[in-house]
Amino acid sequence: MKFQIEDVTVYFPYDNIYPEQYAYMVELKRALDAKGHCLLEMPTGTGKTIALLSLITSYALSKPSNPIKFIYCTRTVHEMEKTLSELKLLHNYQLQHLGPAAKILALGLSSRKNLCINPTVVSAENRDSVDAACRKLTASWVRELAAENPRIPTCSFFENYEKSASEAILPPGVYTLQDLRAYGKLKGWCPYFLARHMVQLANVVVYSYQYLLDPKVAGIISKEMQRESVVVFDEAHNIDNVCIEALSVSVRMQTLEGATRNINRMSQEIDRFKATDAGRLRAEYNRLVEGLALRGDLPASDAWLANPALPNDILKEAVPGNIRRAEHFLSVLRRLVQYIRGRLQTENVEKEGPVTFVASVNTQAGIDQKMLRFCYDRLHSLMLTLEISDTDEFLHIQTICDFATLVGTYTRGFSIIIEPFDERMPHIPDPVLQLCCHDASLAIKPVFERFQSVVITSGTLSPIDLYPRLLNFNPVVSRSFTMSLTRDCICPMVLTRGSDQLPVSTKYDLRSDPGVEKNYGKLLLEMVSVVPDGIVCFFVSYSYMDGIVNSWHETGLLKEIMQHKLVFIETQDVVETTLALDNYRKACDCGRGAVFFSVARGKVAEGIDFDRHYGRLVIMFGVPFQYTLSRILLARLEYLRDTFQIKEGDFLTFDALRQAAQCVGRVIRSKADYGMMIFADKRYSRHDKRSKLPGWILSHLRDAHLNLSTDMAAHIAREFLRKMAQPYDKTGVMGKKTLLSEADLEKMGNSNLGEMF
Amino acid sequence: MMNRDINGEGRKLNRGEEEEEEDEDEESGRGRDAWERAYADERSWESLQEDESGLLRPIDNKALHHAQYRRRLRTATTAGIQKGLIRYLYIVIDLSRAAGEMDYKPSRMVVVARQVEAFIREFFDQNPLSQIGLVTLKDGVAQCLTDLGGSPESHIKALMGKLECSGDSSLQNGLDLVHDLLNQIPSYGHREVLILYSALSTCDPGDIMETIQKCKGAKIRCSIVGLSAELYICKYLCQETGGLYSVALDEPHLKELVLEHAPPPPAIAEFAIANLIKMGFPQRAAEGVISICSCHKEAKFGGGYTCPRCKARVCELPTECRICGLTLVSSPHLARSYHHLFPITPFDDVSPSITNIPQKLPKSCFGCQQSLLNPGNLPGPCVACPKCKQHFCLDCDIYIHESLQNCPGCESFKQSNSVTNMEE
């Protein structure tokens, strides 16, 4: 269907549209008109992605005079593929209606691991080794050598790509990663470098958050994106954590040992070069004296991670004199590693700011702030000079330089925390030095400044007023939409008491109480006998899950649960968890029924969907607060209070509730789906906790469901499941219109629609 | 034929009396007061619901039920569709642990048994040429309770004697057993399974997906009525084999859902080839003759029917002759099956725009002569026959389509036509 939103004709590939999708588009369009940033919350399962894609591409089409670029950031490769295939559908529809004028180039960009088609390279096990294997075949010096000596292997795909030079472009169309690989195979071109080249010319780019937020990667990939771009962060409820992680580094003993090894290897290389090709080192020295930009003139295949500091904070100066010579720089690195090693020997927890840390490095190791600052670039240049292509071996020294550069660049919003052992396991010495970023706004600031519109959207962004404060920006639009439903297909409940009327909670003083554990077990037992197919349980932490499952086992409750359903458990091991998930799905498929025990903030809670029969019920045991004694968290809370005036309690509750909402949101992925959510903790019934849940859950949380005991919850569950099993009328009978056709939209007109929502 | 009907009536009456007696016995035994009974039996609070402002109001299900019924009618009655009139149906009853639950009073299995009994009678009433068998699921195994047969009494008796529950239930075992049993029936018969499933899981010895594919291959139509919640595997099974899956809300709803399976379903396309079946129409033997009955293997006095081919005596119709294997029916059986093939067209809803002009509209239902107007002289909901344009109330609509099987308007029109013709 196509329809008008103010002056834009929107092409939408389906015959009907949900009212909330329409409202979403209207708001989005206003933000684009205002050339400002916006914050939009809309529940999952309402077709957020297609609404975004269809509005932004239509907006671009309607303004051919100043073309805007559309950058779509996803969290996972899977989401990227999904987005691109939806875009493909939309693009076909637009082509049908507009003809060739609607042609766009859209592609996804991912790491070499996902794009490489060279069989010898892509067989490596992880991302870093694929990258290194690729560099071994494509680095400029390797290719020079290979030109003389044909026995040295190169990558034929890359060679072909280079040979065709300016001809190597993608024709317009929508390319998923799969399509890129297929096209690369067809033409014999390297899909990765082709994609990287085409990103600059494409109308729509879909890639991961890191390509914009992590300065190391963004410097290479996203440097030349135009200002007239719309940037979308999808599933952005954790965007502050992504920003913080991009600027945080942690150094352990292994890192230091590895770094020492790397330094030794480099010094050997330097000696070798001195003997054979002293001119090269001199050339590098001269280049550094002249302060040439280090990256600008490099061939594409040599470009490698850029400076970890943000572009605005990098000094446009020549490298200081005392680290210009390779051997001098190495000795600086040696001293730095030695110094950090010394710091790690400490017996007690230390916490300091970057300024004091830099001062103490200066006095004890004789390395000043400026030298620290240039560490990363200097290392980068040195490694290119030494023609090191197995970069995966050199990760450790990179980490050290990364750390040095960050600590040398930033004085505010960071702290350095040294912990001699893990708080929870005080007997095992595991010293770690962490440089933690506390300010999420640092990493995202350049994005807000560089691009005309930034859209942050997710199913759970509540409370929506906190995000602008955390990320330090002013949205022109910030709105939360609810879902229009033909039936009440979600049933959230707050369970505060067990069947014996004693309160249940994972509060610290209550959590190990046998009564509470028993009540939680009884709750699950009731539920497994009432709910068909799959049930997902989320616990607050791995240790709590282990504890409670043990106690259920001892009291025999677990055995009773297993009579009804099979039990699967998430562990910290990814392979094990994947296997458990597979078998869980199988058990749900074949009607045996299964329960999956998982942990809030775990991998499962973030990325795995439990839609349809894979999750008819999700139980959130407790409130998933962060580990509040963690030094890093305490330091961050302190910073947030001092800088943004966000109260500790507010932030903790916000963070816990968004995790909880994220967990329970896993069960409902479309409107035809249905599911129940049980928040099992007495603290959820308090207004300050509950009100931080997203609106689409709150609107279904009836007052009668706020203070339930186990037996009442079981009764409600029974009724709900019976009701939901009845045949479902998609069009909506009760006079509630949930699907709008083209004619409906015209009838409604824009003016009154604004008021409707 | 008449005889049989009278017998049926008599049975029903008897049964009604028995129940009443039982009820009285129970009540007197428990010694309940009238007010207690109001709570325990009538459960009047269940027919109330809360509206948005918290006020109580009675649940108005009538319009909703009618809407559901209309929907069903529209999908089901498309005239000219071939229907399987000779059905071989196995009823699989889940007697696992879950059947002992008390959310239906007094327990799920008793309620299920009651509904199965009603269903069996209704089934033979509507499909006199068909046969039923019973299978139970208990302790993880499936057991054949009764073989395929045409006598309602023997099935009901067998079922009532076996009402106890334990263990898990296995859908796969049930399907396997039914598959083996149904494999033997002649090719013109329609193979069906109706499963009444209480449990929320199935404990299977092997891969149930294979069994489902096997059933699909054998053209067995599997339908399930669930008692508590929607189960994915059940939905999948019904989808694959072309059956219906439904979940009951409460006892009346369960009854409705079970009885939905009594009229014959549309024939599966592969089966839709017309073929001829050899049938015998036995004569009723003279009263007062003693002969050896082939079904009970003993001498019987009077009554009974004689097979036209081998002259053996059988007690009940329809059946298959034990001696020569001929299908024995009486002609009313065939006649009664006939209306499934030519159903009355569904009536049109009278839209409110027409109802706005009151003088065009008859004030009462053509069927029952009750007023069609709501209190306050507002036009109430009604339907009209597309052929004779007469208006009917919703109750008559249901009655005409479910029981009467002809439209009073059209019939009277025909009659008056023929009368005028004769006069000419």
# chains A, B, ... in the order shown; residues from 1 in each chain; ligands from 1

$ closest_atom_pairs --of "chain B" --to "chain A" --cutoff "6 Å" --atoms "only C-alpha atoms" --output "Markdown table"
| residue | atom | partner | partner_atom | distance |
| --- | --- | --- | --- | --- |
| B:Leu200 | CA | A:Pro532 | CA | 5.2 |
| B:Ser201 | CA | A:Arg592 | CA | 4.9 |
| B:Thr202 | CA | A:Arg592 | CA | 5.1 |
| B:Cys203 | CA | A:Arg592 | CA | 5.9 |
| B:Ala229 | CA | A:Arg722 | CA | 5.2 |
| B:Glu230 | CA | A:Ala725 | CA | 5.2 |
| B:Leu231 | CA | A:Pro532 | CA | 5.7 |
| B:Ile233 | CA | A:Gly591 | CA | 5.1 |
| B:Val247 | CA | A:Ala725 | CA | 6.0 |
| B:Leu249 | CA | A:Arg722 | CA | 5.7 |

$ residues_around --residues "A:Ile490" --least-positions-apart "5" --cutoff "6 Å" --atoms "only C-alpha atoms" --output "list in words"
Tyr674, Gly675 and Met676 of chain A

$ select_by_dssp --residues "stretch 65-236 of chain B" --states "helix (DSSP H, G or I)" --output "PyMOL selection string"
chain B and resi 65-76+97-100+108-126+152-160+171-182+208-217+232-236

$ residues_around --residues "A:Met25" --least-positions-apart "5" --cutoff "10 Å" --atoms "only C-alpha atoms" --output "list in words"
Ile5, Val10, Pro19, Glu20, Arg30, Ala31, Lys48, Ala51, Leu52, Leu53, Ser54, Leu55 and Ile56 of chain A

$ residues_around --residues "A:Cys38" --least-positions-apart "4" --cutoff "12 Å" --atoms "only C-alpha atoms" --output "PyMOL selection string"
chain A and resi 24+27-34+230-233+448+452-458+464-465+467-468+473-480

$ write_last_selection --atoms "N, CA, C and O atoms" --output "compact mmCIF listing (two decimals), in the first residue's frame"
# COMPACT_ATOMS: atom_id res chain seq x y z
N TYR A 24 4.18 5.68 14.58
CA TYR A 24 5.64 5.63 14.66
C TYR A 24 6.27 6.36 13.48
O TYR A 24 7.17 7.18 13.63
N GLU A 27 5.89 10.18 13.76
CA GLU A 27 6.86 10.79 14.68
C GLU A 27 8.25 10.81 14.07
O GLU A 27 8.99 11.79 14.16
N LEU A 28 8.59 9.71 13.43
CA LEU A 28 9.91 9.59 12.84
C LEU A 28 10.08 10.65 11.75
O LEU A 28 11.12 11.29 11.64
N LYS A 29 9.04 10.83 10.98
CA LYS A 29 9.13 11.80 9.89
C LYS A 29 9.35 13.20 10.45
O LYS A 29 10.13 13.99 9.91
N ARG A 30 8.68 13.51 11.56
CA ARG A 30 8.86 14.84 12.15
C ARG A 30 10.29 15.04 12.60
O ARG A 30 10.86 16.12 12.43
N ALA A 31 10.87 13.96 13.16
CA ALA A 31 12.26 14.07 13.60
C ALA A 31 13.18 14.30 12.42
O ALA A 31 14.11 15.10 12.49
N LEU A 32 12.91 13.61 11.32
CA LEU A 32 13.75 13.78 10.14
C LEU A 32 13.61 15.20 9.58
O LEU A 32 14.59 15.82 9.17
N ASP A 33 12.37 15.69 9.59
CA ASP A 33 12.15 17.05 9.11
C ASP A 33 12.93 18.05 9.94
O ASP A 33 13.50 19.01 9.43
N ALA A 34 12.93 17.81 11.25
CA ALA A 34 13.61 18.74 12.15
C ALA A 34 15.11 18.53 12.14
O ALA A 34 15.82 19.25 12.83
N VAL A 230 20.95 9.36 8.13
CA VAL A 230 20.09 9.00 9.25
C VAL A 230 20.68 7.74 9.86
O VAL A 230 20.86 6.74 9.18
N VAL A 231 21.01 7.81 11.14
CA VAL A 231 21.60 6.65 11.80
C VAL A 231 20.54 6.05 12.72
O VAL A 231 19.91 6.76 13.49
N VAL A 232 20.33 4.76 12.59
CA VAL A 232 19.35 4.09 13.44
C VAL A 232 20.06 3.06 14.31
O VAL A 232 20.81 2.23 13.80
N PHE A 233 19.84 3.15 15.59
CA PHE A 233 20.30 2.08 16.49
C PHE A 233 19.09 1.27 16.89
O PHE A 233 18.22 1.76 17.61
N PHE A 448 26.45 11.71 17.47
CA PHE A 448 25.40 12.74 17.52
C PHE A 448 25.86 14.00 16.79
O PHE A 448 25.07 14.69 16.17
N GLN A 452 23.12 13.99 10.98
CA GLN A 452 21.99 14.88 11.04
C GLN A 452 20.89 14.33 11.96
O GLN A 452 20.39 15.02 12.82
N SER A 453 20.55 13.05 11.77
CA SER A 453 19.52 12.46 12.63
C SER A 453 20.01 11.13 13.17
O SER A 453 20.52 10.31 12.40
N VAL A 454 19.83 10.95 14.45
CA VAL A 454 20.15 9.66 15.04
C VAL A 454 18.86 9.15 15.69
O VAL A 454 18.24 9.86 16.47
N VAL A 455 18.46 7.93 15.33
CA VAL A 455 17.24 7.35 15.88
C VAL A 455 17.63 6.22 16.81
O VAL A 455 18.33 5.30 16.41
N ILE A 456 17.17 6.32 18.06
CA ILE A 456 17.43 5.25 19.00
C ILE A 456 16.10 4.59 19.29
O ILE A 456 15.16 5.25 19.71
N THR A 457 16.03 3.29 19.04
CA THR A 457 14.73 2.64 19.17
C THR A 457 14.88 1.24 19.74
O THR A 457 15.92 0.61 19.57
N SER A 458 13.87 0.81 20.47
CA SER A 458 13.86 -0.54 21.02
C SER A 458 12.49 -0.86 21.57
O SER A 458 11.62 0.01 21.62
N ILE A 464 11.76 6.57 29.55
CA ILE A 464 12.34 7.11 28.33
C ILE A 464 13.11 8.41 28.58
O ILE A 464 13.96 8.81 27.80
N ASP A 465 12.85 9.06 29.72
CA ASP A 465 13.55 10.33 29.97
C ASP A 465 14.97 10.12 30.50
O ASP A 465 15.75 11.05 30.59
N TYR A 467 17.32 8.06 29.16
CA TYR A 467 18.31 7.86 28.10
C TYR A 467 18.96 9.17 27.63
O TYR A 467 20.18 9.22 27.50
N PRO A 468 18.18 10.22 27.40
CA PRO A 468 18.84 11.47 27.02
C PRO A 468 19.85 11.94 28.06
O PRO A 468 20.88 12.50 27.71
N PHE A 473 22.17 13.99 25.29
CA PHE A 473 21.75 14.64 24.05
C PHE A 473 20.32 15.11 24.20
O PHE A 473 19.64 14.76 25.15
N ASN A 474 19.89 15.92 23.23
CA ASN A 474 18.53 16.46 23.29
C ASN A 474 17.71 15.91 22.14
O ASN A 474 17.87 16.34 21.01
N PRO A 475 16.84 14.97 22.40
CA PRO A 475 16.03 14.44 21.30
C PRO A 475 14.94 15.45 20.94
O PRO A 475 14.41 16.11 21.82
N VAL A 476 14.63 15.54 19.64
CA VAL A 476 13.51 16.39 19.27
C VAL A 476 12.19 15.64 19.45
O VAL A 476 11.16 16.23 19.68
N VAL A 477 12.26 14.31 19.35
CA VAL A 477 11.06 13.51 19.58
C VAL A 477 11.43 12.40 20.53
O VAL A 477 12.45 11.74 20.33
N SER A 478 10.65 12.21 21.60
CA SER A 478 10.86 10.99 22.37
C SER A 478 9.51 10.48 22.79
O SER A 478 8.77 11.16 23.47
N ARG A 479 9.18 9.30 22.28
CA ARG A 479 7.84 8.79 22.52
C ARG A 479 7.84 7.29 22.74
O ARG A 479 8.72 6.57 22.28
N SER A 480 6.81 6.86 23.45
CA SER A 480 6.64 5.44 23.69
C SER A 480 5.28 5.04 23.14
O SER A 480 4.30 5.69 23.42

$ residues_around --residues "A:Thr399" --least-positions-apart "3" --cutoff "8 Å" --atoms "only C-alpha atoms" --output "list in words"
Val249, Val251, Thr255, Leu395, His396, Asp402 and Phe403 of chain A

$ residues_around --residues "A:Phe451" --least-positions-apart "3" --cutoff "12 Å" --atoms "only C-alpha atoms" --output "list of chain:residue names"
A:Leu32, A:Lys35, A:Gly36, A:His37, A:Ile68, A:Lys69, A:Phe70, A:Ile71, A:Leu212, A:Ser222, A:Lys223, A:Glu224, A:Met225, A:Gln226, A:Arg227, A:Glu228, A:Ser229, A:Val230, A:Val231, A:Val232, A:Ile444, A:Lys445, A:Pro446, A:Val447, A:Phe448, A:Val454, A:Val455

$ write_last_selection --atoms "N, CA, C and O atoms" --output "compact mmCIF listing (two decimals), in the first residue's frame"
# COMPACT_ATOMS: atom_id res chain seq x y z
N LEU A 32 12.91 13.61 11.32
CA LEU A 32 13.75 13.78 10.14
C LEU A 32 13.61 15.20 9.58
O LEU A 32 14.59 15.82 9.17
N LYS A 35 15.58 17.55 11.41
CA LYS A 35 17.00 17.20 11.36
C LYS A 35 17.55 17.00 12.77
O LYS A 35 18.63 17.49 13.11
N GLY A 36 16.80 16.33 13.60
CA GLY A 36 17.23 16.14 14.98
C GLY A 36 17.23 14.67 15.35
O GLY A 36 16.92 13.80 14.53
N HIS A 37 17.61 14.40 16.58
CA HIS A 37 17.70 13.03 17.04
C HIS A 37 16.39 12.62 17.69
O HIS A 37 15.67 13.46 18.20
N ILE A 68 19.71 11.51 1.22
CA ILE A 68 20.22 11.17 2.55
C ILE A 68 20.67 9.71 2.55
O ILE A 68 20.13 8.89 1.83
N LYS A 69 21.65 9.47 3.35
CA LYS A 69 22.15 8.11 3.49
C LYS A 69 21.52 7.52 4.74
O LYS A 69 21.20 8.25 5.68
N PHE A 70 21.35 6.22 4.73
CA PHE A 70 20.64 5.58 5.82
C PHE A 70 21.55 4.51 6.42
O PHE A 70 21.95 3.58 5.73
N ILE A 71 21.92 4.72 7.67
CA ILE A 71 22.82 3.76 8.33
C ILE A 71 22.04 3.05 9.42
O ILE A 71 21.50 3.69 10.32
N LEU A 212 30.19 2.09 14.38
CA LEU A 212 30.02 3.52 14.64
C LEU A 212 30.52 3.92 16.01
O LEU A 212 31.02 5.02 16.20
N SER A 222 33.80 4.00 9.08
CA SER A 222 32.73 4.99 8.97
C SER A 222 33.28 6.41 8.86
O SER A 222 32.56 7.37 9.09
N LYS A 223 34.56 6.51 8.52
CA LYS A 223 35.18 7.82 8.52
C LYS A 223 34.53 8.77 7.52
O LYS A 223 34.34 9.94 7.79
N GLU A 224 34.20 8.22 6.36
CA GLU A 224 33.79 9.11 5.28
C GLU A 224 32.30 9.18 5.06
O GLU A 224 31.84 9.59 4.01
N MET A 225 31.54 8.76 6.04
CA MET A 225 30.10 8.86 5.89
C MET A 225 29.69 10.33 5.87
O MET A 225 30.20 11.14 6.64
N GLN A 226 28.71 10.63 4.99
CA GLN A 226 28.32 12.04 4.87
C GLN A 226 27.49 12.48 6.06
O GLN A 226 26.92 11.67 6.78
N ARG A 227 27.39 13.79 6.22
CA ARG A 227 26.64 14.32 7.34
C ARG A 227 25.14 14.09 7.18
O ARG A 227 24.43 13.88 8.14
N GLU A 228 24.67 14.13 5.92
CA GLU A 228 23.24 13.99 5.68
C GLU A 228 22.85 12.52 5.80
O GLU A 228 22.39 11.91 4.85
N SER A 229 23.06 11.96 6.94
CA SER A 229 22.73 10.55 7.12
C SER A 229 21.74 10.41 8.26
O SER A 229 21.72 11.22 9.18
N VAL A 230 20.95 9.36 8.13
CA VAL A 230 20.09 9.00 9.25
C VAL A 230 20.68 7.74 9.86
O VAL A 230 20.86 6.74 9.18
N VAL A 231 21.01 7.81 11.14
CA VAL A 231 21.60 6.65 11.80
C VAL A 231 20.54 6.05 12.72
O VAL A 231 19.91 6.76 13.49
N VAL A 232 20.33 4.76 12.59
CA VAL A 232 19.35 4.09 13.44
C VAL A 232 20.06 3.06 14.31
O VAL A 232 20.81 2.23 13.80
N ILE A 444 29.39 8.10 22.19
CA ILE A 444 28.33 8.34 21.22
C ILE A 444 28.29 9.80 20.78
O ILE A 444 27.65 10.14 19.80
N LYS A 445 29.03 10.63 21.50
CA LYS A 445 29.01 12.06 21.19
C LYS A 445 29.38 12.35 19.73
O LYS A 445 28.65 13.09 19.05
N PRO A 446 30.48 11.79 19.23
CA PRO A 446 30.82 12.09 17.84
C PRO A 446 29.72 11.68 16.87
O PRO A 446 29.51 12.34 15.85
N VAL A 447 28.99 10.60 17.20
CA VAL A 447 27.90 10.16 16.31
C VAL A 447 26.81 11.22 16.28
O VAL A 447 26.30 11.59 15.23
N PHE A 448 26.45 11.71 17.47
CA PHE A 448 25.40 12.74 17.52
C PHE A 448 25.86 14.00 16.79
O PHE A 448 25.07 14.69 16.17
N VAL A 454 19.83 10.95 14.45
CA VAL A 454 20.15 9.66 15.04
C VAL A 454 18.86 9.15 15.69
O VAL A 454 18.24 9.86 16.47
N VAL A 455 18.46 7.93 15.33
CA VAL A 455 17.24 7.35 15.88
C VAL A 455 17.63 6.22 16.81
O VAL A 455 18.33 5.30 16.41

$ closest_residue --among "B:Ala262, B:Ala113, B:Val225, B:Ile290" --to "B:Gln131" --atoms "only C-alpha atoms"
B:Ala262

$ residues_around --residues "stretch 171-181 of chain A" --least-positions-apart "6" --cutoff "8 Å" --atoms "only C-alpha atoms" --output "PyMOL selection string"
chain A and resi 81+84-85+87-88+91+103-110+114-117+191+195

$ atom_distance --atom1 "atom CA of A:Leu382" --atom2 "atom CA of A:Arg412"
29.6 Å

$ select_by_dssp --residues "stretch 567-687 of chain A" --states "strand (DSSP E)" --output "list of chain:residue names"
A:Val567, A:Phe568, A:Ile569, A:Ala594, A:Val595, A:Phe596, A:Phe597, A:Ser598, A:Val599, A:Leu617, A:Val618, A:Ile619, A:Met620, A:Phe621, A:Gly675, A:Met676, A:Met677, A:Ile678, A:Phe679, A:Ala680
